[in-house]
$ cat data_19.cif   # mmCIF, C-alpha atoms
data_upload
loop_
_atom_site.label_atom_id
_atom_site.label_comp_id
_atom_site.auth_asym_id
_atom_site.auth_seq_id
_atom_site.Cartn_x
_atom_site.Cartn_y
_atom_site.Cartn_z
CA LEU A 191 2.89 -20.44 12.39
CA ALA A 192 5.32 -17.62 13.22
CA GLY A 193 7.98 -19.24 11.03
CA LEU A 194 5.53 -19.80 8.18
CA PHE A 195 4.34 -16.21 8.19
CA LEU A 196 7.85 -14.81 8.57
CA GLY A 197 8.97 -16.87 5.58
CA LEU A 198 6.00 -15.63 3.55
CA ALA A 199 6.72 -12.06 4.60
CA MET A 200 10.34 -12.42 3.50
CA LEU A 201 9.17 -13.78 0.14
CA SER A 202 7.10 -10.64 -0.18
CA LYS A 203 9.69 -8.11 0.97
CA TYR A 204 13.28 -8.66 2.11
CA THR A 205 12.88 -6.00 4.80
CA ALA A 206 10.75 -8.51 6.74
CA ILE A 207 14.11 -9.65 8.14
CA PHE A 208 13.86 -6.70 10.51
CA LEU A 209 11.13 -8.50 12.47
CA PRO A 210 13.29 -11.39 13.76
CA VAL A 211 16.28 -9.06 14.10
CA GLY A 212 14.22 -6.76 16.32
CA VAL A 213 12.85 -9.63 18.38
CA PHE A 214 16.38 -10.99 18.82
CA LEU A 215 17.64 -7.58 19.94
CA PHE A 216 14.76 -7.34 22.40
CA LEU A 217 15.53 -10.78 23.84
CA ILE A 218 19.24 -10.03 24.23
CA LEU A 219 18.60 -6.63 25.83
CA THR A 220 15.80 -7.78 28.15
CA PRO A 221 17.05 -10.21 30.81
CA ALA A 222 13.52 -11.18 31.92
CA HIS A 223 12.77 -12.52 28.44
CA ARG A 224 16.18 -13.91 27.56
CA GLY A 225 14.99 -17.39 28.52
CA TRP A 226 13.21 -17.59 25.16
CA LEU A 227 16.64 -18.04 23.60
CA CYS A 228 16.93 -21.36 25.48
CA ARG A 229 13.66 -22.72 24.08
CA LEU A 230 13.15 -24.70 20.90
CA GLY A 231 10.29 -22.53 19.57
CA PRO A 232 12.27 -19.57 18.18
CA TYR A 233 14.76 -21.84 16.44
CA LEU A 234 12.00 -24.01 14.99
CA ALA A 235 10.25 -20.88 13.70
CA ALA A 236 13.53 -19.67 12.17
CA ALA A 237 14.03 -23.04 10.44
CA ILE A 238 10.49 -22.97 9.04
CA ALA A 239 10.95 -19.38 7.84
CA LEU A 240 14.22 -20.36 6.17
CA ALA A 241 12.53 -23.34 4.49
CA VAL A 242 9.71 -21.14 3.17
CA PHE A 243 12.22 -18.52 1.97
CA SER A 244 14.60 -21.12 0.49
CA PRO A 245 13.31 -20.85 -3.11
CA THR A 246 14.57 -17.25 -3.13
CA ILE A 247 17.92 -18.36 -1.76
CA VAL A 248 18.20 -21.13 -4.37
CA TRP A 249 17.27 -18.76 -7.20
CA ASN A 250 19.86 -16.23 -6.01
CA ALA A 251 22.53 -18.93 -5.73
CA ARG A 252 21.86 -19.90 -9.34
CA HIS A 253 21.90 -16.27 -10.53
CA GLU A 254 25.04 -14.90 -8.87
CA TRP A 255 23.08 -13.57 -5.85
CA GLU A 256 21.52 -10.98 -8.15
CA SER A 257 18.52 -9.81 -6.11
CA PHE A 258 20.43 -9.89 -2.82
CA ALA A 259 23.24 -7.85 -4.37
CA TYR A 260 20.78 -5.38 -5.83
CA GLN A 261 18.94 -4.93 -2.54
CA GLY A 262 22.11 -4.90 -0.45
CA ALA A 263 25.63 -3.64 -0.86
CA GLY A 264 25.33 -3.06 -4.60
CA ARG A 265 23.14 -0.04 -3.99
CA LEU A 266 25.60 1.53 -1.58
CA GLN A 267 28.49 1.40 -4.03
CA SER A 268 26.59 3.28 -6.68
CA GLN A 269 26.48 6.77 -5.19
CA LYS A 270 28.52 9.28 -3.25
CA SER A 271 27.55 10.66 0.13
CA ASP A 272 24.92 13.36 -0.27
CA LEU A 273 23.10 15.19 2.54
CA LYS A 274 20.32 16.07 0.09
CA ASN A 275 19.30 12.40 0.18
CA VAL A 276 18.79 12.60 3.94
CA ALA A 277 16.61 15.71 3.67
CA GLU A 278 14.66 14.15 0.79
CA PHE A 279 14.12 10.96 2.80
CA ALA A 280 12.79 12.96 5.76
CA ARG A 281 10.46 14.85 3.43
CA ARG A 282 9.21 11.62 1.89
CA GLN A 283 8.57 10.12 5.32
CA ALA A 284 6.59 13.21 6.28
CA GLU A 285 4.54 12.89 3.10
CA VAL A 286 3.79 9.22 3.68
CA MET A 287 3.13 9.42 7.43
CA THR A 288 2.26 13.14 7.79
CA PRO A 289 4.56 15.37 9.83
CA PHE A 290 2.53 14.73 13.00
CA VAL A 291 2.79 10.97 12.83
CA LEU A 292 6.43 11.15 11.75
CA LEU A 293 7.31 13.13 14.88
CA TRP A 294 5.26 10.82 17.06
CA VAL A 295 6.91 7.71 15.66
CA TRP A 296 10.48 9.00 16.03
CA GLY A 297 9.76 10.60 19.42
CA ALA A 298 8.17 7.50 20.95
CA GLY A 299 10.82 5.20 19.47
CA ILE A 300 13.75 7.26 20.68
CA ALA A 301 12.16 7.77 24.11
CA ALA A 302 11.61 4.03 24.51
CA GLN A 303 15.24 3.36 23.69
CA ALA A 304 16.53 6.15 25.92
CA ALA A 305 14.54 4.91 28.91
CA TRP A 306 14.83 1.22 28.05
CA ARG A 307 14.86 -0.20 31.58
CA ARG A 308 11.95 1.96 32.76
CA ARG A 309 9.62 1.11 29.86
CA PRO A 310 7.20 -1.84 30.04
CA TRP A 311 8.39 -4.83 28.02
CA PRO A 312 5.74 -4.48 25.27
CA GLU A 313 6.98 -0.95 24.56
CA ARG A 314 10.57 -2.17 24.45
CA LEU A 315 9.60 -4.95 22.04
CA LEU A 316 7.84 -2.51 19.72
CA ALA A 317 10.81 -0.14 19.77
CA ALA A 318 13.26 -3.00 19.15
CA VAL A 319 11.28 -4.17 16.12
CA GLY A 320 10.47 -0.75 14.64
CA MET A 321 13.49 1.46 15.25
CA PRO A 322 16.26 -0.58 13.55
CA MET A 323 14.57 -0.20 10.17
CA LEU A 324 14.11 3.55 10.61
CA VAL A 325 17.65 4.09 11.80
CA LEU A 326 19.30 1.87 9.18
CA PHE A 327 17.44 3.42 6.23
CA THR A 328 18.15 6.90 7.56
CA VAL A 329 21.87 6.09 7.79
CA LEU A 330 21.80 4.51 4.33
CA THR A 331 20.40 7.70 2.84
CA PHE A 332 23.78 9.31 3.39
CA ARG A 333 24.94 7.07 0.51
CA GLN A 334 21.80 6.65 -1.60
CA SER A 335 18.33 8.02 -2.02
CA ALA A 336 15.52 6.00 -0.50
CA ARG A 337 11.78 6.16 -0.84
CA GLY A 338 9.82 7.22 2.23
CA HIS A 339 7.50 4.22 2.02
CA TRP A 340 10.32 1.66 2.12
CA ILE A 341 10.46 1.94 5.90
CA LEU A 342 6.73 1.70 6.61
CA PRO A 343 6.88 -1.75 8.25
CA GLY A 344 9.06 -0.16 10.96
CA PRO A 345 6.67 2.68 11.76
CA ALA A 346 3.73 0.25 11.66
CA THR A 347 4.99 -1.29 14.90
CA LEU A 348 5.81 2.12 16.29
CA TYR A 349 2.22 3.32 15.70
CA VAL A 350 1.20 0.85 18.40
CA LEU A 351 3.98 2.21 20.63
CA VAL A 352 2.76 5.78 20.07
CA GLY A 353 -0.75 4.69 21.09
CA ALA A 354 0.60 3.12 24.28
CA VAL A 355 2.59 6.26 25.12
CA VAL A 356 -0.42 8.52 24.61
CA VAL A 357 -2.76 6.28 26.61
CA ARG A 358 -0.24 5.99 29.44
CA GLY A 359 0.13 9.78 29.56
CA GLY A 360 3.12 11.20 31.35
CA ALA A 361 5.51 13.81 30.05
CA LEU A 362 6.12 12.23 26.63
CA GLY A 363 2.43 11.60 25.99
CA LYS A 364 1.59 15.18 26.90
CA TRP A 365 4.47 16.48 24.77
CA LEU A 366 3.23 14.45 21.79
CA ILE A 367 -0.31 15.78 22.16
CA GLN A 368 0.82 19.39 22.71
CA GLY A 369 3.30 19.20 19.84
CA THR A 370 0.64 17.87 17.50
CA ALA A 371 -1.79 20.58 18.56
CA ALA A 372 0.86 23.26 18.01
CA LEU A 373 1.71 21.88 14.55
CA ALA A 374 -1.96 21.68 13.64
CA ILE A 375 -2.52 25.30 14.64
CA ALA A 376 0.58 26.50 12.76
#

$ encode --input "data_19.cif" --output "structure tokens"
Amino acid sequence: LAGLFLGLAMLSKYTAIFLPVGVFLFLILTPAHRGWLCRLGPYLAAAIALAVFSPTIVWNARHEWESFAYQGAGRLQSQKSDLKNVAEFARRQAEVMTPFVLLWVWGAGIAAQAAWRRRPWPERLLAAVGMPMLVLFTVLTFRQSARGHWILPGPATLYVLVGAVVVRGGALGKWLIQGTAALAIA
């Protein structure tokens, strides 16, 4: 089922590739869960996802990889580096998520990565799935403008991480609550 739904997600939006990439990163960086890489399940799911996504691959092969080129490197070659794109992207993210949620998402994601070994594995998994999309699109905005909503699948996983951080409490949870209160008052 995981392979079927991943394949369907990739048919819907190419950025769904960040889900297996994030899970793979999590498995490589988490020794306790690395054993999953020795099981048949993940590879079977990947094969099923590839089979479901294969009509898109076949179409692209017959059309000079048109949609892949458009969504990939072709966009990066079209523009010069521009810091205004980065500021615009941050503004668009704040509009889509609100400034409060934007800060929570980035704060919880960065904190989970900075304290990787001390975080519970579910928090590490959420950070591994959500942060690569945020980071990559932010880096890409140095070369091209990007819409704030393009990255929303990444923050969607990080919303769960933010909830876990707040429920757990501690310094980061308190900082997130105090920071939100301060922003709301301002």

$ closest_residue --input "data_19.cif" --among "A:Leu362, A:Val276, A:Ala236, A:Gly353" --to "A:Ala301" --atoms "all atoms listed in the file"
A:Leu362

$ closest_atom_pairs --input "data_19.cif" --of "stretch 291-353 of chain A" --to "stretch 199-204 of chain A" --cutoff "12 Å" --atoms "all atoms listed in the file" --output "tab-separated table"
residue	atom	partner	partner_atom	distance
A:Met323	CA	A:Tyr204	CA	11.8
A:Trp340	CA	A:Lys203	CA	9.9
A:Ile341	CA	A:Lys203	CA	11.2
A:Leu342	CA	A:Lys203	CA	11.7
A:Pro343	CA	A:Lys203	CA	10.1

$ closest_residue --input "data_19.cif" --among "A:Ala371, A:Ala318, A:Val291, A:Leu324" --to "A:Tyr349" --atoms "only C-alpha atoms"
A:Val291

$ residues_around --input "data_19.cif" --residues "A:Arg337" --least-positions-apart "6" --cutoff "9 Å" --atoms "only C-alpha atoms" --output "list in words"
Glu278, Phe279, Arg282 and Gln283 of chain A

$ write_last_selection --input "data_19.cif" --atoms "C-alpha atoms" --output "tab-separated table (two decimals), keeping the file's coordinate frame"
chain	number	residue	atom	x	y	z
A	278	GLU	CA	14.66	14.15	0.79
A	279	PHE	CA	14.12	10.96	2.80
A	282	ARG	CA	9.21	11.62	1.89
A	283	GLN	CA	8.57	10.12	5.32

$ atom_distance --input "data_19.cif" --atom1 "atom CA of A:Gln368" --atom2 "atom CA of A:Trp294"
11.2 Å

$ axis_aligned_box --input "data_19.cif" --around "stretch 332-338 of chain A" --padding-each-side "5 Å" --output "AutoDock Vina command-line options"
--center_x 17.4 --center_y 7.7 --center_z 0.7 --size_x 25.1 --size_y 13.3 --size_z 15.4

$ resolve_selection --input "data_19.cif" --expression "the PyMOL selection byres ((chain A and resi 300) around 12)" --output "PyMOL selection string"
chain A and resi 293-299+301-306+309+313-314+316-318+320-322+324-325+348+351-352+362

$ write_last_selection --input "data_19.cif" --atoms "C-alpha atoms" --output "PDB file, in the coordinates of the input"
ATOM      1  CA  LEU A 293       7.310  13.130  14.880  1.00  0.00           C
ATOM      2  CA  TRP A 294       5.260  10.820  17.060  1.00  0.00           C
ATOM      3  CA  VAL A 295       6.910   7.710  15.660  1.00  0.00           C
ATOM      4  CA  TRP A 296      10.480   9.000  16.030  1.00  0.00           C
ATOM      5  CA  GLY A 297       9.760  10.600  19.420  1.00  0.00           C
ATOM      6  CA  ALA A 298       8.170   7.500  20.950  1.00  0.00           C
ATOM      7  CA  GLY A 299      10.820   5.200  19.470  1.00  0.00           C
ATOM      8  CA  ALA A 301      12.160   7.770  24.110  1.00  0.00           C
ATOM      9  CA  ALA A 302      11.610   4.030  24.510  1.00  0.00           C
ATOM     10  CA  GLN A 303      15.240   3.360  23.690  1.00  0.00           C
ATOM     11  CA  ALA A 304      16.530   6.150  25.920  1.00  0.00           C
ATOM     12  CA  ALA A 305      14.540   4.910  28.910  1.00  0.00           C
ATOM     13  CA  TRP A 306      14.830   1.220  28.050  1.00  0.00           C
ATOM     14  CA  ARG A 309       9.620   1.110  29.860  1.00  0.00           C
ATOM     15  CA  GLU A 313       6.980  -0.950  24.560  1.00  0.00           C
ATOM     16  CA  ARG A 314      10.570  -2.170  24.450  1.00  0.00           C
ATOM     17  CA  LEU A 316       7.840  -2.510  19.720  1.00  0.00           C
ATOM     18  CA  ALA A 317      10.810  -0.140  19.770  1.00  0.00           C
ATOM     19  CA  ALA A 318      13.260  -3.000  19.150  1.00  0.00           C
ATOM     20  CA  GLY A 320      10.470  -0.750  14.640  1.00  0.00           C
ATOM     21  CA  MET A 321      13.490   1.460  15.250  1.00  0.00           C
ATOM     22  CA  PRO A 322      16.260  -0.580  13.550  1.00  0.00           C
ATOM     23  CA  LEU A 324      14.110   3.550  10.610  1.00  0.00           C
ATOM     24  CA  VAL A 325      17.650   4.090  11.800  1.00  0.00           C
ATOM     25  CA  LEU A 348       5.810   2.120  16.290  1.00  0.00           C
ATOM     26  CA  LEU A 351       3.980   2.210  20.630  1.00  0.00           C
ATOM     27  CA  VAL A 352       2.760   5.780  20.070  1.00  0.00           C
ATOM     28  CA  LEU A 362       6.120  12.230  26.630  1.00  0.00           C
TER      29      LEU A 362
END

$ residues_near_point --input "data_19.cif" --point "(16.3, -12.1, 19.7)" --cutoff "6 Å" --atoms "only C-alpha atoms" --output "PyMOL selection string"
chain A and resi 213-218

$ residues_around --input "data_19.cif" --residues "A:Ala280" --least-positions-apart "4" --cutoff "9 Å" --atoms "only C-alpha atoms" --output "ChimeraX atom specification"
/A:275-276,284-285,292,328,338

$ write_last_selection --input "data_19.cif" --atoms "C-alpha atoms" --output "compact mmCIF listing (two decimals), keeping the file's coordinate frame"
# COMPACT_ATOMS: atom_id res chain seq x y z
CA ASN A 275 19.30 12.40 0.18
CA VAL A 276 18.79 12.60 3.94
CA ALA A 284 6.59 13.21 6.28
CA GLU A 285 4.54 12.89 3.10
CA LEU A 292 6.43 11.15 11.75
CA THR A 328 18.15 6.90 7.56
CA GLY A 338 9.82 7.22 2.23

$ residues_around --input "data_19.cif" --residues "A:Ser244" --least-positions-apart "6" --cutoff "10 Å" --atoms "all atoms listed in the file" --output "PyMOL selection string"
chain A and resi 197+201+238+250

$ atom_distance --input "data_19.cif" --atom1 "atom CA of A:Arg358" --atom2 "atom CA of A:Arg308"
13.3 Å

$ atom_distance --input "data_19.cif" --atom1 "atom CA of A:Gly193" --atom2 "atom CA of A:Ala239"
4.4 Å

$ resolve_selection --input "data_19.cif" --expression "the PyMOL selection byres ((chain A and resi 209) around 9)" --output "list in words"
Leu196, Thr205, Ala206, Ile207, Phe208, Pro210, Val211, Gly212, Val213, Phe214, Ala318, Val319, Gly320 and Gly344 of chain A

$ closest_residue --input "data_19.cif" --among "A:Leu191, A:Pro232, A:Ala354, A:Leu273" --to "A:Phe332" --atoms "all atoms listed in the file"
A:Leu273

$ closest_residue --input "data_19.cif" --among "A:Met287, A:Val355, A:Ala277, A:Val350" --to "A:Ser335" --atoms "all atoms listed in the file"
A:Ala277

$ build_atoms --input "data_19.cif" --residues "stretch 246-262 of chain A" --atoms "N, CA, C and O atoms" --output "compact mmCIF listing (two decimals), in the frame of the given file"
# COMPACT_ATOMS: atom_id res chain seq x y z
N THR A 246 13.89 -18.50 -2.79
CA THR A 246 14.57 -17.25 -3.13
C THR A 246 16.08 -17.42 -2.99
O THR A 246 16.84 -16.91 -3.82
N ILE A 247 16.49 -18.12 -1.96
CA ILE A 247 17.92 -18.36 -1.76
C ILE A 247 18.48 -19.21 -2.91
O ILE A 247 19.54 -18.91 -3.47
N VAL A 248 17.76 -20.25 -3.27
CA VAL A 248 18.20 -21.13 -4.37
C VAL A 248 18.28 -20.34 -5.67
O VAL A 248 19.27 -20.45 -6.41
N TRP A 249 17.25 -19.56 -5.97
CA TRP A 249 17.27 -18.76 -7.20
C TRP A 249 18.48 -17.83 -7.21
O TRP A 249 19.16 -17.71 -8.22
N ASN A 250 18.72 -17.15 -6.08
CA ASN A 250 19.86 -16.23 -6.01
C ASN A 250 21.18 -16.97 -6.18
O ASN A 250 22.09 -16.47 -6.83
N ALA A 251 21.30 -18.15 -5.59
CA ALA A 251 22.53 -18.93 -5.73
C ALA A 251 22.79 -19.29 -7.18
O ALA A 251 23.94 -19.32 -7.63
N ARG A 252 21.72 -19.53 -7.92
CA ARG A 252 21.86 -19.90 -9.34
C ARG A 252 22.05 -18.68 -10.25
O ARG A 252 22.37 -18.84 -11.42
N HIS A 253 21.82 -17.50 -9.73
CA HIS A 253 21.90 -16.27 -10.53
C HIS A 253 22.87 -15.26 -9.92
O HIS A 253 22.60 -14.06 -9.91
N GLU A 254 23.96 -15.75 -9.40
CA GLU A 254 25.04 -14.90 -8.87
C GLU A 254 24.56 -13.92 -7.80
O GLU A 254 25.03 -12.80 -7.73
N TRP A 255 23.61 -14.35 -6.99
CA TRP A 255 23.08 -13.57 -5.85
C TRP A 255 22.53 -12.21 -6.30
O TRP A 255 22.64 -11.21 -5.62
N GLU A 256 21.93 -12.21 -7.48
CA GLU A 256 21.52 -10.98 -8.15
C GLU A 256 20.57 -10.11 -7.32
O GLU A 256 20.82 -8.92 -7.12
N SER A 257 19.47 -10.67 -6.84
CA SER A 257 18.52 -9.81 -6.11
C SER A 257 19.07 -9.39 -4.75
O SER A 257 18.81 -8.29 -4.29
N PHE A 258 19.83 -10.27 -4.11
CA PHE A 258 20.43 -9.89 -2.82
C PHE A 258 21.46 -8.77 -3.03
O PHE A 258 21.53 -7.84 -2.24
N ALA A 259 22.24 -8.89 -4.08
CA ALA A 259 23.24 -7.85 -4.37
C ALA A 259 22.56 -6.53 -4.69
O ALA A 259 23.00 -5.47 -4.24
N TYR A 260 21.49 -6.61 -5.46
CA TYR A 260 20.78 -5.38 -5.83
C TYR A 260 20.18 -4.71 -4.60
O TYR A 260 20.27 -3.50 -4.44
N GLN A 261 19.59 -5.49 -3.73
CA GLN A 261 18.94 -4.93 -2.54
C GLN A 261 19.94 -4.58 -1.45
O GLN A 261 19.63 -3.82 -0.54
N GLY A 262 21.14 -5.11 -1.52
CA GLY A 262 22.11 -4.90 -0.45
C GLY A 262 23.24 -3.97 -0.82
O GLY A 262 23.03 -2.82 -1.22
